[in-house]
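Here's work.txt, which has compact mmCIF, C-alpha atoms:
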# COMPACT_ATOMS: atom_id res chain seq x y z
CA MET A 272 56.25 -79.32 76.70
CA LYS A 273 53.98 -81.38 74.55
CA HIS A 274 53.33 -79.50 71.33
CA ARG A 275 50.10 -79.50 69.41
CA ILE A 276 49.42 -77.96 66.03
CA TYR A 277 46.39 -75.80 65.40
CA GLN A 278 45.44 -73.98 62.24
CA ILE A 279 44.17 -70.49 61.59
CA PHE A 280 42.49 -70.54 58.20
CA ALA A 281 41.57 -67.23 56.60
CA ALA A 282 40.10 -67.16 53.13
CA GLY A 283 40.31 -63.76 51.47
CA MET A 284 37.90 -62.50 48.88
CA VAL A 285 38.99 -59.96 46.30
CA CYS A 286 36.18 -57.63 45.39
CA CYS A 287 35.40 -54.02 44.65
CA GLY A 288 32.51 -52.56 46.62
CA MET A 289 31.17 -49.23 47.70
CA ALA A 290 32.57 -47.71 44.47
CA ALA A 291 30.63 -44.54 44.98
CA ALA A 292 32.41 -43.93 48.26
CA LEU A 293 35.95 -44.57 46.98
CA THR A 294 37.95 -42.94 44.21
CA ALA A 295 39.75 -45.11 41.64
CA CYS A 296 38.55 -48.32 43.23
CA SER A 297 40.01 -51.52 41.73
CA ASN A 298 40.00 -55.20 42.51
CA ASP A 299 43.51 -54.85 43.92
CA ASP A 300 42.51 -51.96 46.17
CA TYR A 301 39.55 -53.56 47.90
CA LEU A 302 40.28 -56.82 49.67
CA GLY A 303 37.78 -58.59 51.87
CA GLY A 304 36.15 -55.25 52.67
CA HIS A 305 39.46 -53.57 53.55
CA TYR A 306 40.60 -50.64 51.42
CA THR A 307 44.34 -50.79 50.71
CA THR A 308 46.23 -47.88 49.17
CA GLU A 309 49.24 -49.97 48.11
CA GLY A 310 47.45 -52.60 46.06
CA ALA A 311 46.91 -56.24 46.86
CA GLY A 312 47.68 -57.39 50.38
CA THR A 313 48.88 -60.74 51.66
CA ILE A 314 47.35 -63.10 54.18
CA LEU A 315 50.23 -64.60 56.15
CA ASN A 316 50.73 -68.11 57.41
CA VAL A 317 50.94 -67.57 61.17
CA THR A 318 52.53 -69.88 63.71
CA ALA A 319 51.79 -69.10 67.37
CA GLN A 320 53.47 -70.72 70.36
CA THR A 321 52.29 -70.49 73.96
CA ASP A 322 52.25 -72.50 77.16
CA LYS A 323 48.50 -71.97 77.38
CA ALA A 324 46.16 -74.88 76.79
CA TRP A 325 43.66 -73.52 74.27
CA ALA A 326 39.99 -74.25 74.85
CA ASP A 327 36.89 -74.02 72.72
CA GLY A 328 35.82 -70.37 72.49
CA ASP A 329 39.24 -68.85 73.27
CA ILE A 330 39.80 -65.65 71.29
CA ILE A 331 43.05 -63.91 70.38
CA GLY A 332 43.33 -60.41 68.95
CA ILE A 333 45.71 -59.69 66.04
CA ALA A 334 46.72 -56.30 64.63
CA ALA A 335 49.26 -54.86 62.19
CA GLY A 336 51.25 -51.84 63.31
CA TYR A 337 50.05 -49.39 60.68
CA GLY A 338 48.60 -47.04 63.28
CA GLN A 339 45.32 -45.74 64.62
CA ASN A 340 44.12 -44.25 61.32
CA ASP A 341 44.13 -47.59 59.53
CA GLY A 342 40.96 -49.51 60.27
CA THR A 343 41.97 -52.42 58.04
CA ALA A 344 44.35 -53.94 60.55
CA ARG A 345 42.74 -53.31 63.92
CA ASN A 346 42.04 -55.87 66.60
CA ARG A 347 41.00 -58.73 64.39
CA GLU A 348 39.17 -61.41 66.35
CA TYR A 349 40.31 -65.02 65.87
CA VAL A 350 38.23 -67.67 67.64
CA TYR A 351 39.50 -71.13 68.49
CA GLN A 352 37.31 -73.88 67.03
CA ALA A 353 37.99 -77.09 68.94
CA ASP A 354 35.93 -79.23 66.57
CA ALA A 355 37.87 -78.00 63.54
CA SER A 356 41.25 -77.60 65.32
CA SER A 357 41.47 -74.06 64.04
CA PHE A 358 41.37 -70.35 64.82
CA THR A 359 38.87 -68.63 62.56
CA ASN A 360 38.48 -64.91 61.99
CA LYS A 361 35.02 -64.16 63.33
CA SER A 362 34.17 -61.31 60.96
CA GLY A 363 35.60 -62.96 57.86
CA TYR A 364 38.06 -60.07 57.42
CA PRO A 365 41.51 -61.37 58.37
CA ILE A 366 44.66 -59.28 58.61
CA TYR A 367 46.11 -58.28 55.23
CA VAL A 368 49.76 -57.21 55.03
CA LYS A 369 50.09 -54.45 52.45
CA GLY A 370 53.53 -53.06 53.35
CA THR A 371 56.32 -53.39 55.90
CA THR A 372 54.78 -53.58 59.36
CA SER A 373 54.89 -55.35 62.69
CA ILE A 374 52.33 -57.99 63.63
CA VAL A 375 51.15 -58.03 67.23
CA ALA A 376 48.78 -60.36 69.03
CA TYR A 377 47.37 -60.74 72.51
CA TYR A 378 45.11 -62.95 74.61
CA PRO A 379 42.45 -62.73 75.96
CA PHE A 380 40.60 -60.66 73.38
CA VAL A 381 38.92 -57.40 74.47
CA GLY A 382 36.71 -54.92 72.66
CA THR A 383 35.15 -55.41 69.22
CA ASP A 384 36.53 -56.90 66.02
CA GLY A 385 37.96 -54.11 63.84
CA ALA A 386 37.84 -51.46 66.59
CA GLU A 387 40.90 -50.28 68.49
CA PRO A 388 40.92 -52.06 71.85
CA THR A 389 41.71 -50.67 75.29
CA ILE A 390 44.22 -53.01 76.93
CA ILE A 391 44.88 -52.25 80.60
CA LEU A 392 47.25 -54.13 82.89
CA ASN A 393 46.01 -53.91 86.48
CA THR A 394 47.67 -55.79 89.33
CA LEU A 395 46.20 -53.95 92.32
CA ASN A 396 43.83 -56.80 93.17
CA GLN A 397 45.96 -59.93 93.01
CA THR A 398 42.89 -62.17 93.09
CA GLN A 399 41.52 -60.62 89.89
CA VAL A 400 44.59 -60.05 87.71
CA THR A 401 43.99 -60.62 83.98
CA ASP A 402 46.90 -62.75 82.82
CA TYR A 403 47.53 -61.31 79.36
CA TYR A 404 49.77 -62.98 76.80
CA PHE A 405 51.54 -60.80 74.20
CA ALA A 406 53.39 -61.58 70.97
CA LYS A 407 55.10 -59.36 68.39
CA VAL A 408 57.04 -59.83 65.14
CA GLU A 409 58.86 -56.93 63.46
CA ASP A 410 59.58 -56.20 59.78
CA VAL A 411 56.78 -58.24 58.25
CA THR A 412 56.37 -57.54 54.51
CA ARG A 413 54.22 -58.74 51.63
CA GLN A 414 57.07 -61.08 50.73
CA THR A 415 56.88 -62.78 54.16
CA SER A 416 55.33 -66.22 53.80
CA GLU A 417 55.08 -67.12 57.48
CA VAL A 418 55.14 -65.30 60.82
CA ASN A 419 55.88 -67.04 64.11
CA LEU A 420 54.07 -65.39 67.04
CA VAL A 421 55.71 -66.43 70.32
CA PHE A 422 53.26 -65.61 73.09
CA LYS A 423 54.55 -64.96 76.59
CA HIS A 424 53.06 -63.59 79.76
CA ALA A 425 52.77 -59.80 79.76
CA LEU A 426 53.47 -59.73 83.50
CA ALA A 427 56.36 -60.80 85.71
CA GLU A 428 55.92 -63.21 88.60
CA VAL A 429 57.70 -62.77 91.94
CA THR A 430 57.47 -65.22 94.84
CA LEU A 431 58.34 -63.88 98.29
CA LYS A 432 59.56 -66.54 100.73
CA ILE A 433 59.54 -65.17 104.27
CA THR A 434 61.44 -66.44 107.32
CA THR A 435 60.46 -64.82 110.62
CA PRO A 436 61.60 -64.99 114.27
CA THR A 437 59.96 -67.47 116.62
CA ASP A 438 56.41 -66.47 117.61
CA GLU A 439 56.26 -63.86 114.82
CA SER A 440 53.39 -63.99 112.33
CA ILE A 441 53.15 -61.76 109.27
CA LYS A 442 49.57 -60.49 109.06
CA SER A 443 49.94 -58.34 105.95
CA CYS A 444 52.47 -56.81 103.60
CA ARG A 445 52.57 -53.60 101.58
CA LEU A 446 54.57 -53.20 98.36
CA SER A 447 55.32 -49.56 97.53
CA GLY A 448 57.01 -47.77 94.62
CA PHE A 449 55.62 -50.06 91.88
CA ALA A 450 53.19 -49.00 89.15
CA GLN A 451 50.18 -51.29 89.40
CA LYS A 452 48.33 -50.04 86.30
CA ALA A 453 49.47 -49.53 82.71
CA ALA A 454 47.83 -48.84 79.35
CA VAL A 455 49.11 -50.92 76.41
CA ASN A 456 49.38 -49.60 72.84
CA PRO A 457 47.55 -52.21 70.71
CA TYR A 458 49.86 -51.67 67.68
CA THR A 459 53.25 -51.70 69.40
CA LEU A 460 52.54 -53.29 72.83
CA ASP A 461 54.40 -50.39 74.46
CA LYS A 462 53.23 -49.64 78.00
CA THR A 463 52.36 -46.32 79.63
CA LEU A 464 52.71 -46.73 83.38
CA GLU A 465 50.53 -44.89 85.86
CA ALA A 466 51.91 -43.46 89.12
CA PRO A 467 52.99 -46.05 91.71
CA GLU A 468 50.31 -47.37 94.06
CA ASP A 469 50.63 -49.49 97.17
CA LEU A 470 49.79 -53.16 96.77
CA VAL A 471 48.46 -54.70 99.98
CA VAL A 472 48.21 -58.42 100.73
CA ASN A 473 46.50 -59.65 103.91
CA GLY A 474 46.65 -63.01 105.66
CA THR A 475 47.03 -64.74 109.01
CA ASN A 476 50.60 -66.04 108.85
CA LEU A 477 52.13 -65.19 105.49
CA LYS A 478 55.07 -67.43 104.60
CA THR A 479 55.00 -67.54 100.80
CA ILE A 480 53.44 -64.82 98.65
CA THR A 481 53.33 -64.96 94.84
CA LEU A 482 52.69 -61.65 93.07
CA LYS A 483 52.04 -60.87 89.42
CA LEU A 484 53.56 -57.46 88.64
CA ILE A 485 53.91 -55.16 85.64
CA PRO A 486 57.42 -55.21 84.11
CA GLN A 487 59.07 -51.87 84.88
CA ALA A 488 62.29 -50.13 85.80
CA LEU A 489 62.55 -49.28 89.49
CA SER A 490 64.44 -46.41 91.03
CA ALA A 491 65.52 -45.78 94.60
CA ASP A 492 65.56 -42.06 93.71
CA GLY A 493 61.91 -41.93 92.73
CA ALA A 494 59.14 -40.10 94.55
CA VAL A 495 58.08 -43.41 96.12
CA LYS A 496 60.89 -45.76 97.11
CA PRO A 497 60.44 -49.39 96.00
CA GLN A 498 60.09 -51.28 99.26
CA LEU A 499 58.21 -54.05 100.99
CA VAL A 500 56.82 -53.58 104.48
CA LEU A 501 55.88 -56.70 106.43
CA ILE A 502 53.42 -56.15 109.27
CA GLY A 503 53.79 -58.77 111.99
CA ASN A 504 52.11 -59.36 115.32
CA ILE A 505 55.36 -58.31 117.07
CA ARG A 506 56.79 -55.62 114.80
CA SER A 507 57.07 -54.43 111.21
CA TYR A 508 59.98 -54.96 108.79
CA THR A 509 61.00 -52.77 105.85
CA ILE A 510 62.89 -54.31 102.92
CA ASP A 511 64.46 -52.33 100.07
CA MET A 512 63.19 -53.67 96.73
CA SER A 513 64.97 -51.26 94.36
CA ASP A 514 67.26 -54.03 93.03
CA LEU A 515 64.35 -56.16 91.84
CA GLN A 516 64.31 -56.61 88.05
CA LEU A 517 60.90 -57.23 86.48
CA GLU A 518 60.84 -58.73 82.98
CA ALA A 519 57.78 -59.97 81.13
CA GLY A 520 57.25 -63.71 81.27
CA THR A 521 59.88 -64.36 83.95
CA SER A 522 59.49 -65.91 87.38
CA GLN A 523 61.86 -65.33 90.28
CA GLU A 524 62.07 -65.63 94.04
CA ALA A 525 62.89 -63.10 96.74
CA ILE A 526 64.23 -64.76 99.88
CA ILE A 527 63.29 -62.54 102.84
CA ASN A 528 64.83 -63.37 106.20
CA VAL A 529 63.86 -61.12 109.11
CA THR A 530 64.89 -63.42 111.97
CA ASP A 531 67.42 -60.86 113.21
CA GLY A 532 64.84 -58.08 113.07
CA ILE A 533 66.29 -56.55 109.90
CA GLY A 534 65.05 -57.49 106.47
CA THR A 535 67.61 -58.90 104.03
CA VAL A 536 66.75 -59.89 100.48
CA ASP A 537 68.60 -62.19 98.12
CA PHE A 538 67.12 -62.03 94.63
CA ILE A 539 67.50 -65.22 92.65
CA PRO A 540 68.11 -64.14 89.04
CA GLY A 541 65.10 -64.34 86.74
CA GLY A 542 64.99 -65.75 83.26
CA SER A 543 62.93 -68.83 83.90
CA GLN A 544 59.47 -68.99 82.43
CA TRP A 545 56.29 -69.50 84.37
CA GLU A 546 55.65 -73.18 84.79
CA ASP A 547 54.45 -74.76 81.58
CA SER A 548 50.83 -75.86 81.66
CA GLY A 549 51.90 -79.05 79.89
CA ALA A 550 49.28 -78.69 77.19
CA GLY A 551 50.49 -75.75 75.14
CA GLY A 552 51.65 -75.98 71.59
CA ALA A 553 52.08 -74.45 68.21
CA VAL A 554 49.26 -72.70 66.44
CA LYS A 555 49.69 -72.76 62.70
CA ALA A 556 47.72 -70.77 60.17
CA GLN A 557 47.65 -71.30 56.46
Structure rendered as structure tokens:
Amino acid sequence: MKHRIYQIFAAGMVCCGMAAALTACSNDDYLGGHYTTEGAGTILNVTAQTDKAWADGDIIGIAAGYGQNDGTARNREYVYQADASSFTNKSGYPIYVKGTTSIVAYYPFVGTDGAEPTIILNTLNQTQVTDYYFAKVEDVTRQTSEVNLVFKHALAEVTLKITTPTDESIKSCRLSGFAQKAAVNPYTLDKTLEAPEDLVVNGTNLKTITLKLIPQALSADGAVKPQLVLIGNIRSYTIDMSDLQLEAGTSQEAIINVTDGIGTVDFIPGGSQWEDSGAGGAVKAQ
């Protein structure tokens, strides 16, 4: 992968404002408009790596894991400036680290700068899946000089390669037992999965199907069994999918051979990344 270096530049101002609204306000307590109870904060040098080719106007969201009651570290909006080769905080209020925390980031940006975002993974309509990238670094402190944010796809990619009997054509398939929607905590990136929903793909003669799915643990003992049903012009075929492992950022193949009328699946182990765009790189802030 060809690497490129970008810069996020955030200049912090130390000031004391709105003194009437705050008790014992000091220059150390009020940074760039953000009230900090532990004194002066630190703007980190941030390095971000991704296989995405950044474009003018791309926006990433960055937050520190202090929690929902801390408005100083919520969903800060950093905009890529192609002319200046930089990501710039749109509001002028970058993230300040004022104690041990985790730093999380995601793309594409949603919501409003400084307001807690609602991040939803939704794979029900495979033609309109938002391909989120997530990154997280633990145990960041005020003594940390640089944080490396390694972005990867939030979803897993599975390619189904189907072999059918002569004169058989697969007209549609239905994937059951998989959660297709999940809410993401913007401070931890933990997911809350909704109940499984059927994912339906239609076609004329399906031979290769690539699906983007939410990483999750599957269970053959669940209320809805993980399975794939292929609907052909001659008959239907049911394939057990409970052995499929879905990990964020991985791509794998499921070889499905129903030439003998019974579906058999050989899962090629995951671990490979989605194909590199060829124009990704390192994003460096200082």
Would you pick out the contacts of segment 399-409 of chain A at 6 Å or less, using all atoms listed in the file, so that residues sharing its chain but fewer than 2 positions from it are not included, and give the list as number ranges by chain?
A: 373-378, 394, 396-397, 411, 420-425
Selected residue, from A:Thr343, A:Thr389, A:Ser513, A:Thr383, that lies nearest to Tyr367 of chain A when counting only C-alpha atoms
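With only C-alpha atoms as the atom set, the closest residue is A:Thr343.
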Return the single residue from A:Ala326, A:Leu489, A:Ala344, A:Val472 that is closest to Ile441 of chain A, with distances computed using only C-alpha atoms.
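Distance minimum relative to Ile441 of chain A lands on A:Val472.
With only the atoms specified (all atoms listed in the file) counting, those residues at most 6 Å away from (67.0, -49.8, 97.5) are Ala491, Asp511, Met512 and Ser513 of chain A.
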Output C-alpha atoms of each residue in that selection to a file, as a PDB file, in the coordinates of the input.
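So again-v7.pdb came out as:
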ATOM      1  CA  ALA A 491      65.520 -45.780  94.600  1.00  0.00           C
ATOM      2  CA  ASP A 511      64.460 -52.330 100.070  1.00  0.00           C
ATOM      3  CA  MET A 512      63.190 -53.670  96.730  1.00  0.00           C
ATOM      4  CA  SER A 513      64.970 -51.260  94.360  1.00  0.00           C
TER       5      SER A 513
END
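Neighbouring residues of Glu524 of chain A at 12 Å or closer, counting all atoms listed in the file and skipping chain neighbours under 6 positions away, are Ala427, Glu428, Val429, Thr430, Leu431, Lys432, Ile433, Thr479, Ile480, Thr481, Leu482, Leu515, Gln516, Leu517, Val536, Asp537, Phe538, Ile539, Pro540, Gly541, Gly542, Ser543 and Trp545 of chain A.
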What does the distance between atom CA of Thr398 of chain A and atom CA of Gln352 of chain A come to in Å, to one decimal place?
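Taking atom CA of Thr398 of chain A as the start and atom CA of Gln352 of chain A as the end point, the length is 29.1 Å.
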Compile the contact shell of Gln487 of chain A as a short mmCIF file (atom, residue, chain, number, x, y, z; two decimals) with C-alpha atoms, in the frame of the given file: residues with an atom at most 12 Å away, counting only C-alpha atoms, same-chain residues fewer than 2 positions apart removed.
data_model
loop_
_atom_site.label_atom_id
_atom_site.label_comp_id
_atom_site.auth_asym_id
_atom_site.auth_seq_id
_atom_site.Cartn_x
_atom_site.Cartn_y
_atom_site.Cartn_z
CA ALA A 425 52.77 -59.80 79.76
CA LEU A 426 53.47 -59.73 83.50
CA ALA A 427 56.36 -60.80 85.71
CA GLY A 448 57.01 -47.77 94.62
CA PHE A 449 55.62 -50.06 91.88
CA ALA A 450 53.19 -49.00 89.15
CA GLN A 451 50.18 -51.29 89.40
CA LYS A 452 48.33 -50.04 86.30
CA ALA A 453 49.47 -49.53 82.71
CA ASP A 461 54.40 -50.39 74.46
CA LYS A 462 53.23 -49.64 78.00
CA THR A 463 52.36 -46.32 79.63
CA LEU A 464 52.71 -46.73 83.38
CA GLU A 465 50.53 -44.89 85.86
CA ALA A 466 51.91 -43.46 89.12
CA PRO A 467 52.99 -46.05 91.71
CA LEU A 484 53.56 -57.46 88.64
CA ILE A 485 53.91 -55.16 85.64
CA LEU A 489 62.55 -49.28 89.49
CA SER A 490 64.44 -46.41 91.03
CA PRO A 497 60.44 -49.39 96.00
CA SER A 513 64.97 -51.26 94.36
CA ASP A 514 67.26 -54.03 93.03
CA LEU A 515 64.35 -56.16 91.84
CA GLN A 516 64.31 -56.61 88.05
CA LEU A 517 60.90 -57.23 86.48
CA GLU A 518 60.84 -58.73 82.98
CA ALA A 519 57.78 -59.97 81.13
#
Taking into account all atoms listed in the file, which residue in the set A:Ile330, A:Trp325, A:Thr372, A:Val381 is nearest to Ala353 of chain A?
A:Trp325
How many Å separate atom CA of Gly312 of chain A from atom CA of Gly363 of chain A?
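Separation between atom CA of Gly312 of chain A and atom CA of Gly363 of chain A: 15.3 Å.
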